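Next comes target00.cif, with mmCIF, C-alpha atoms.
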```cif
data_query
#
loop_
_atom_site.group_PDB
_atom_site.id
_atom_site.type_symbol
_atom_site.label_atom_id
_atom_site.label_comp_id
_atom_site.auth_asym_id
_atom_site.auth_seq_id
_atom_site.Cartn_x
_atom_site.Cartn_y
_atom_site.Cartn_z
ATOM 1 C CA MET I 20 11.029 -0.433 -14.180
ATOM 2 C CA THR I 21 13.950 1.931 -14.183
ATOM 3 C CA GLY I 22 16.048 1.982 -11.015
ATOM 4 C CA GLU I 23 14.384 -1.092 -9.541
ATOM 5 C CA SER I 24 16.423 -2.940 -6.946
ATOM 6 C CA THR I 25 16.366 -6.718 -7.138
ATOM 7 C CA GLU I 26 17.546 -7.249 -3.544
ATOM 8 C CA THR I 27 15.559 -4.815 -1.388
ATOM 9 C CA ALA I 28 11.792 -4.377 -1.464
ATOM 10 C CA ILE I 29 11.467 -1.511 1.048
ATOM 11 C CA THR I 30 14.094 0.916 2.303
ATOM 12 C CA LEU I 31 13.493 3.641 4.884
ATOM 13 C CA THR I 32 16.394 5.955 5.595
ATOM 14 C CA ASN I 33 16.277 8.302 8.611
ATOM 15 C CA VAL I 34 12.505 8.732 8.233
ATOM 16 C CA ARG I 35 10.767 11.167 10.543
ATOM 17 C CA LYS I 36 7.106 12.137 10.821
ATOM 18 C CA SER I 37 5.486 14.381 13.381
ATOM 19 C CA TYR I 38 2.030 15.776 14.002
ATOM 20 C CA GLY I 39 2.555 19.169 15.570
ATOM 21 C CA ARG I 40 4.743 18.586 18.626
ATOM 22 C CA THR I 41 4.069 14.850 18.672
ATOM 23 C CA VAL I 42 6.812 12.842 16.975
ATOM 24 C CA ALA I 43 5.242 9.665 15.597
ATOM 25 C CA VAL I 44 8.334 8.275 13.842
ATOM 26 C CA GLN I 45 11.862 9.440 14.596
ATOM 27 C CA GLN I 46 14.965 8.583 12.558
ATOM 28 C CA LEU I 47 13.662 5.178 11.421
ATOM 29 C CA SER I 48 15.956 3.296 9.069
ATOM 30 C CA LEU I 49 15.295 -0.237 7.877
ATOM 31 C CA GLU I 50 15.639 -2.507 4.876
ATOM 32 C CA ILE I 51 13.165 -5.247 4.074
ATOM 33 C CA PRO I 52 14.535 -7.741 1.561
ATOM 34 C CA ARG I 53 12.450 -8.814 -1.419
ATOM 35 C CA GLY I 54 10.355 -11.877 -0.543
ATOM 36 C CA GLN I 55 10.626 -11.299 3.215
ATOM 37 C CA LEU I 56 7.563 -11.338 5.466
ATOM 38 C CA PHE I 57 7.776 -8.382 7.840
ATOM 39 C CA ALA I 58 5.459 -7.149 10.600
ATOM 40 C CA PHE I 59 5.321 -4.015 12.735
ATOM 41 C CA LEU I 60 4.459 -4.866 16.341
ATOM 42 C CA GLY I 61 4.140 -2.439 19.220
ATOM 43 C CA PRO I 62 1.785 -0.550 21.491
ATOM 44 C CA ASN I 63 -0.661 2.105 20.352
ATOM 45 C CA GLY I 64 1.192 5.297 19.515
ATOM 46 C CA ALA I 65 4.422 3.550 18.534
ATOM 47 C CA GLY I 66 4.245 4.850 14.927
ATOM 48 C CA LYS I 67 3.272 1.608 13.171
ATOM 49 C CA THR I 68 0.371 3.010 11.159
ATOM 50 C CA THR I 69 2.249 6.222 10.342
ATOM 51 C CA THR I 70 5.194 4.186 9.037
ATOM 52 C CA ILE I 71 2.939 1.991 6.889
ATOM 53 C CA GLU I 72 1.170 5.075 5.497
ATOM 54 C CA MET I 73 4.528 6.600 4.522
ATOM 55 C CA ILE I 74 5.541 3.344 2.805
ATOM 56 C CA GLN I 75 2.208 3.334 0.943
ATOM 57 C CA GLY I 76 2.695 6.924 -0.200
ATOM 58 C CA LEU I 77 -0.333 8.129 1.764
ATOM 59 C CA LEU I 78 1.786 10.397 3.984
ATOM 60 C CA PRO I 79 5.024 12.114 3.036
ATOM 61 C CA PRO I 80 7.811 11.855 5.602
ATOM 62 C CA ASP I 81 8.907 15.153 7.143
ATOM 63 C CA ARG I 82 12.501 14.015 6.628
ATOM 64 C CA GLY I 83 14.271 11.010 5.257
ATOM 65 C CA ALA I 84 13.623 8.755 2.304
ATOM 66 C CA VAL I 85 11.213 5.933 1.491
ATOM 67 C CA ARG I 86 12.007 3.686 -1.456
ATOM 68 C CA ILE I 87 10.033 0.728 -2.795
ATOM 69 C CA PHE I 88 12.002 -1.585 -5.111
ATOM 70 C CA GLY I 89 14.457 1.283 -5.563
ATOM 71 C CA LEU I 90 11.718 3.773 -6.542
ATOM 72 C CA ASP I 91 10.443 6.763 -4.581
ATOM 73 C CA TRP I 92 6.996 8.346 -4.393
ATOM 74 C CA ASP I 93 8.183 11.795 -5.539
ATOM 75 C CA HIS I 94 9.437 10.538 -8.913
ATOM 76 C CA HIS I 95 7.653 7.225 -9.545
ATOM 77 C CA GLU I 96 4.152 7.532 -8.084
ATOM 78 C CA PRO I 97 2.224 6.105 -11.080
ATOM 79 C CA GLU I 98 4.525 3.063 -11.255
ATOM 80 C CA LEU I 99 4.315 2.442 -7.520
ATOM 81 C CA ARG I 100 0.526 2.823 -7.435
ATOM 82 C CA GLN I 101 0.266 0.019 -9.998
ATOM 83 C CA ARG I 102 2.305 -2.313 -7.800
ATOM 84 C CA MET I 103 1.028 -1.407 -4.339
ATOM 85 C CA GLY I 104 -1.715 -3.466 -2.743
ATOM 86 C CA THR I 105 -3.343 -2.450 0.515
ATOM 87 C CA GLN I 106 -5.677 -4.165 2.948
ATOM 88 C CA LEU I 107 -7.573 -1.669 5.079
ATOM 89 C CA GLN I 108 -7.676 -2.240 8.833
ATOM 90 C CA GLU I 109 -11.359 -1.444 8.966
ATOM 91 C CA THR I 110 -13.907 -0.717 6.298
ATOM 92 C CA LYS I 111 -17.661 -0.720 5.814
ATOM 93 C CA LEU I 112 -17.403 -1.237 2.037
ATOM 94 C CA ALA I 113 -18.478 -4.876 2.169
ATOM 95 C CA GLU I 114 -21.749 -3.846 3.796
ATOM 96 C CA ARG I 115 -22.538 -1.194 1.199
ATOM 97 C CA LEU I 116 -21.216 -2.497 -2.134
ATOM 98 C CA THR I 117 -22.313 -5.423 -4.266
ATOM 99 C CA VAL I 118 -19.790 -8.046 -5.345
ATOM 100 C CA ARG I 119 -19.613 -6.449 -8.807
ATOM 101 C CA GLU I 120 -19.183 -2.928 -7.376
ATOM 102 C CA THR I 121 -16.397 -4.132 -5.088
ATOM 103 C CA LEU I 122 -14.553 -5.743 -8.006
ATOM 104 C CA MET I 123 -15.058 -2.609 -10.126
ATOM 105 C CA LEU I 124 -13.637 -0.423 -7.338
ATOM 106 C CA PHE I 125 -10.474 -2.472 -6.870
ATOM 107 C CA ARG I 126 -10.041 -3.005 -10.640
ATOM 108 C CA SER I 127 -10.140 0.796 -11.102
ATOM 109 C CA PHE I 128 -6.864 1.113 -9.185
ATOM 110 C CA TYR I 129 -4.886 -0.487 -12.012
ATOM 111 C CA ARG I 130 -4.234 0.365 -15.667
ATOM 112 C CA ARG I 131 -4.362 -3.252 -16.804
ATOM 113 C CA GLY I 132 -6.308 -6.240 -15.647
ATOM 114 C CA THR I 133 -9.061 -8.690 -16.324
ATOM 115 C CA PRO I 134 -12.504 -7.161 -16.924
ATOM 116 C CA VAL I 135 -14.858 -7.505 -13.948
ATOM 117 C CA ASP I 136 -17.390 -9.712 -15.751
ATOM 118 C CA GLU I 137 -14.616 -12.127 -16.745
ATOM 119 C CA VAL I 138 -13.443 -12.323 -13.134
ATOM 120 C CA LEU I 139 -16.986 -13.055 -11.961
ATOM 121 C CA GLU I 140 -17.242 -15.844 -14.521
ATOM 122 C CA LEU I 141 -13.787 -17.204 -13.707
ATOM 123 C CA VAL I 142 -14.587 -17.559 -9.993
ATOM 124 C CA ARG I 143 -18.170 -18.625 -10.708
ATOM 125 C CA LEU I 144 -19.838 -15.720 -8.942
ATOM 126 C CA GLN I 145 -22.048 -14.463 -11.777
ATOM 127 C CA GLU I 146 -25.193 -15.164 -9.727
ATOM 128 C CA LYS I 147 -23.817 -13.102 -6.796
ATOM 129 C CA ARG I 148 -22.799 -10.050 -8.866
ATOM 130 C CA ASN I 149 -25.604 -7.925 -7.399
ATOM 131 C CA ALA I 150 -25.451 -9.329 -3.866
#
```
When written as structure tokens, how does the structure in this file appear?
Amino acid sequence: MTGESTETAITLTNVRKSYGRTVAVQQLSLEIPRGQLFAFLGPNGAGKTTTIEMIQGLLPPDRGAVRIFGLDWDHHEPELRQRMGTQLQETKLAERLTVRETLMLFRSFYRRGTPVDEVLELVRLQEKRNA
């Protein structure tokens, strides 16, 4: 990928996000090195979820810059979408989708990948495809 940094995975520079008069994230700057495990800890309302959503490209910052491997969401969204993986905090999908439907959903997020039926066979879940 063009412009990709080999040292830094995530860079936030003076990021700010507000909802009306409520400032959720104010002037946050940080660098997370490639290969580093990083966690946001804090009380409710500290801006953790808002920060994660800006990193994921789900929310644009009001000010500042978010870069992932040297790329930004404004200019490299398709490339970043192919690399970004997300685990939802809470979802009811598992209750409503079959194993096959769940695999099809997550496979649809990416341009390339193993066909769903091959994955089912590989992990020996063919008999559970409709469960």
Find, counting all atoms listed in the file, the residue in I:Ile74, I:Val44, I:Ile29, I:Ala150 that gets nearest to Ala113 in chain I.
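Under the stated criterion, the closest residue is I:Ala150.
Relative to CA of Gly83 in chain I, CA of Thr41 in chain I is found at 17.3 Å.
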Separation of CA of Thr30 in chain I from CA of Leu49 in chain I in Å
5.8 Å
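Pairwise distance (CA of Thr32 in chain I, CA of Glu109 in chain I) equals 28.9 Å.
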Apply the PyMOL selection byres ((chain I and resi 130) around 10) to the displayed file and report the matching residues as a list of chain:residue names.
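Answer for the PyMOL selection byres ((chain I and resi 130) around 10): I:Pro97, I:Arg100, I:Gln101, I:Arg126, I:Ser127, I:Phe128, I:Tyr129, I:Arg131, I:Gly132.
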Please work out which residues fall within 9 Å of (-13.2, -7.1, -13.1), coordinates as given in the file, with only C-alpha atoms counting, and return them as an MDAnalysis selection string.
chainID I and resid 119 122:127 132:139
Pick the closest to Val118 in chain I from I:Leu56, I:Thr69, I:Pro62, I:Asn149: which is it, counting all atoms listed in the file?
I:Asn149
Within 8 Å of (8.5, 8.9, 5.9) (coordinates as in the file), grab all the protein and nucleic acid residues, counting all atoms listed in the file, and write them out as a PDB file with C-alpha atoms, keeping the file's coordinate frame.
```pdb
ATOM      1  CA  LEU I  31      13.493   3.641   4.884  1.00  0.00           C
ATOM      2  CA  VAL I  34      12.505   8.732   8.233  1.00  0.00           C
ATOM      3  CA  ARG I  35      10.767  11.167  10.543  1.00  0.00           C
ATOM      4  CA  LYS I  36       7.106  12.137  10.821  1.00  0.00           C
ATOM      5  CA  VAL I  44       8.334   8.275  13.842  1.00  0.00           C
ATOM      6  CA  THR I  70       5.194   4.186   9.037  1.00  0.00           C
ATOM      7  CA  MET I  73       4.528   6.600   4.522  1.00  0.00           C
ATOM      8  CA  ILE I  74       5.541   3.344   2.805  1.00  0.00           C
ATOM      9  CA  LEU I  78       1.786  10.397   3.984  1.00  0.00           C
ATOM     10  CA  PRO I  79       5.024  12.114   3.036  1.00  0.00           C
ATOM     11  CA  PRO I  80       7.811  11.855   5.602  1.00  0.00           C
ATOM     12  CA  ASP I  81       8.907  15.153   7.143  1.00  0.00           C
ATOM     13  CA  ARG I  82      12.501  14.015   6.628  1.00  0.00           C
ATOM     14  CA  GLY I  83      14.271  11.010   5.257  1.00  0.00           C
ATOM     15  CA  ALA I  84      13.623   8.755   2.304  1.00  0.00           C
ATOM     16  CA  VAL I  85      11.213   5.933   1.491  1.00  0.00           C
TER      17      VAL I  85
END
```
Would you kindly translate the PyMOL selection byres ((chain I and resi 27) around 6) into the concrete residues it picks from this file, as an MDAnalysis selection string?
chainID I and resid 24 26 28:29 51:53
For Arg102 in chain I, which residue out of I:Ile87, I:Leu144, I:Ile71, I:Leu77 is the nearest one, using all atoms listed in the file?
I:Ile87
Please, could N, CA and C atoms be added to range 40-67 of chain I and the result written as an mmCIF file, keeping the file's coordinate frame?
```cif
data_model
loop_
_atom_site.group_PDB
_atom_site.id
_atom_site.type_symbol
_atom_site.label_atom_id
_atom_site.label_comp_id
_atom_site.auth_asym_id
_atom_site.auth_seq_id
_atom_site.Cartn_x
_atom_site.Cartn_y
_atom_site.Cartn_z
ATOM 1 N N ARG I 40 3.621 18.875 17.715
ATOM 2 C CA ARG I 40 4.743 18.586 18.626
ATOM 3 C C ARG I 40 4.932 17.105 18.901
ATOM 4 N N THR I 41 3.993 16.293 18.434
ATOM 5 C CA THR I 41 4.069 14.850 18.672
ATOM 6 C C THR I 41 4.879 14.186 17.564
ATOM 7 N N VAL I 42 5.980 13.574 17.940
ATOM 8 C CA VAL I 42 6.812 12.842 16.975
ATOM 9 C C VAL I 42 6.310 11.408 16.920
ATOM 10 N N ALA I 43 5.790 11.014 15.775
ATOM 11 C CA ALA I 43 5.242 9.665 15.597
ATOM 12 C C ALA I 43 6.327 8.674 15.190
ATOM 13 N N VAL I 44 7.233 9.110 14.321
ATOM 14 C CA VAL I 44 8.334 8.275 13.842
ATOM 15 C C VAL I 44 9.579 9.140 13.850
ATOM 16 N N GLN I 45 10.640 8.637 14.488
ATOM 17 C CA GLN I 45 11.862 9.440 14.596
ATOM 18 C C GLN I 45 13.079 8.654 14.134
ATOM 19 N N GLN I 46 13.704 9.137 13.062
ATOM 20 C CA GLN I 46 14.965 8.583 12.558
ATOM 21 C C GLN I 46 14.883 7.073 12.313
ATOM 22 N N LEU I 47 13.816 6.600 11.695
ATOM 23 C CA LEU I 47 13.662 5.178 11.421
ATOM 24 C C LEU I 47 14.387 4.816 10.134
ATOM 25 N N SER I 48 15.266 3.847 10.239
ATOM 26 C CA SER I 48 15.956 3.296 9.069
ATOM 27 C C SER I 48 15.784 1.786 9.105
ATOM 28 N N LEU I 49 15.402 1.215 7.973
ATOM 29 C CA LEU I 49 15.295 -0.237 7.877
ATOM 30 C C LEU I 49 15.301 -0.659 6.428
ATOM 31 N N GLU I 50 15.684 -1.894 6.200
ATOM 32 C CA GLU I 50 15.639 -2.507 4.876
ATOM 33 C C GLU I 50 14.885 -3.816 4.992
ATOM 34 N N ILE I 51 13.917 -3.996 4.126
ATOM 35 C CA ILE I 51 13.165 -5.247 4.074
ATOM 36 C C ILE I 51 13.503 -5.915 2.748
ATOM 37 N N PRO I 52 14.153 -7.067 2.801
ATOM 38 C CA PRO I 52 14.535 -7.741 1.561
ATOM 39 C C PRO I 52 13.319 -8.209 0.761
ATOM 40 N N ARG I 53 13.487 -8.274 -0.527
ATOM 41 C CA ARG I 53 12.450 -8.814 -1.419
ATOM 42 C C ARG I 53 12.114 -10.238 -0.975
ATOM 43 N N GLY I 54 10.810 -10.548 -0.916
ATOM 44 C CA GLY I 54 10.355 -11.877 -0.543
ATOM 45 C C GLY I 54 10.272 -12.128 0.949
ATOM 46 N N GLN I 55 10.622 -11.155 1.762
ATOM 47 C CA GLN I 55 10.626 -11.299 3.215
ATOM 48 C C GLN I 55 9.275 -10.906 3.798
ATOM 49 N N LEU I 56 8.758 -11.702 4.722
ATOM 50 C CA LEU I 56 7.563 -11.338 5.466
ATOM 51 C C LEU I 56 8.003 -10.479 6.640
ATOM 52 N N PHE I 57 7.356 -9.333 6.812
ATOM 53 C CA PHE I 57 7.776 -8.382 7.840
ATOM 54 C C PHE I 57 6.544 -7.838 8.535
ATOM 55 N N ALA I 58 6.596 -7.675 9.846
ATOM 56 C CA ALA I 58 5.459 -7.149 10.600
ATOM 57 C C ALA I 58 5.931 -6.049 11.542
ATOM 58 N N PHE I 59 5.080 -5.047 11.739
ATOM 59 C CA PHE I 59 5.321 -4.015 12.735
ATOM 60 C C PHE I 59 4.494 -4.376 13.962
ATOM 61 N N LEU I 60 5.142 -4.565 15.087
ATOM 62 C CA LEU I 60 4.459 -4.866 16.341
ATOM 63 C C LEU I 60 4.827 -3.806 17.363
ATOM 64 N N GLY I 61 3.857 -3.409 18.175
ATOM 65 C CA GLY I 61 4.140 -2.439 19.220
ATOM 66 C C GLY I 61 2.856 -1.873 19.785
ATOM 67 N N PRO I 62 2.972 -1.129 20.848
ATOM 68 C CA PRO I 62 1.785 -0.550 21.491
ATOM 69 C C PRO I 62 1.192 0.578 20.663
ATOM 70 N N ASN I 63 -0.035 0.955 20.997
ATOM 71 C CA ASN I 63 -0.661 2.105 20.352
ATOM 72 C C ASN I 63 0.248 3.317 20.528
ATOM 73 N N GLY I 64 0.363 4.096 19.457
ATOM 74 C CA GLY I 64 1.192 5.297 19.515
ATOM 75 C C GLY I 64 2.651 5.074 19.194
ATOM 76 N N ALA I 65 3.019 3.850 18.823
ATOM 77 C CA ALA I 65 4.422 3.550 18.534
ATOM 78 C C ALA I 65 4.858 4.008 17.146
ATOM 79 N N GLY I 66 3.900 4.380 16.269
ATOM 80 C CA GLY I 66 4.245 4.850 14.927
ATOM 81 C C GLY I 66 4.071 3.805 13.838
ATOM 82 N N LYS I 67 3.440 2.687 14.162
ATOM 83 C CA LYS I 67 3.272 1.608 13.171
ATOM 84 C C LYS I 67 2.433 2.063 11.975
#
```
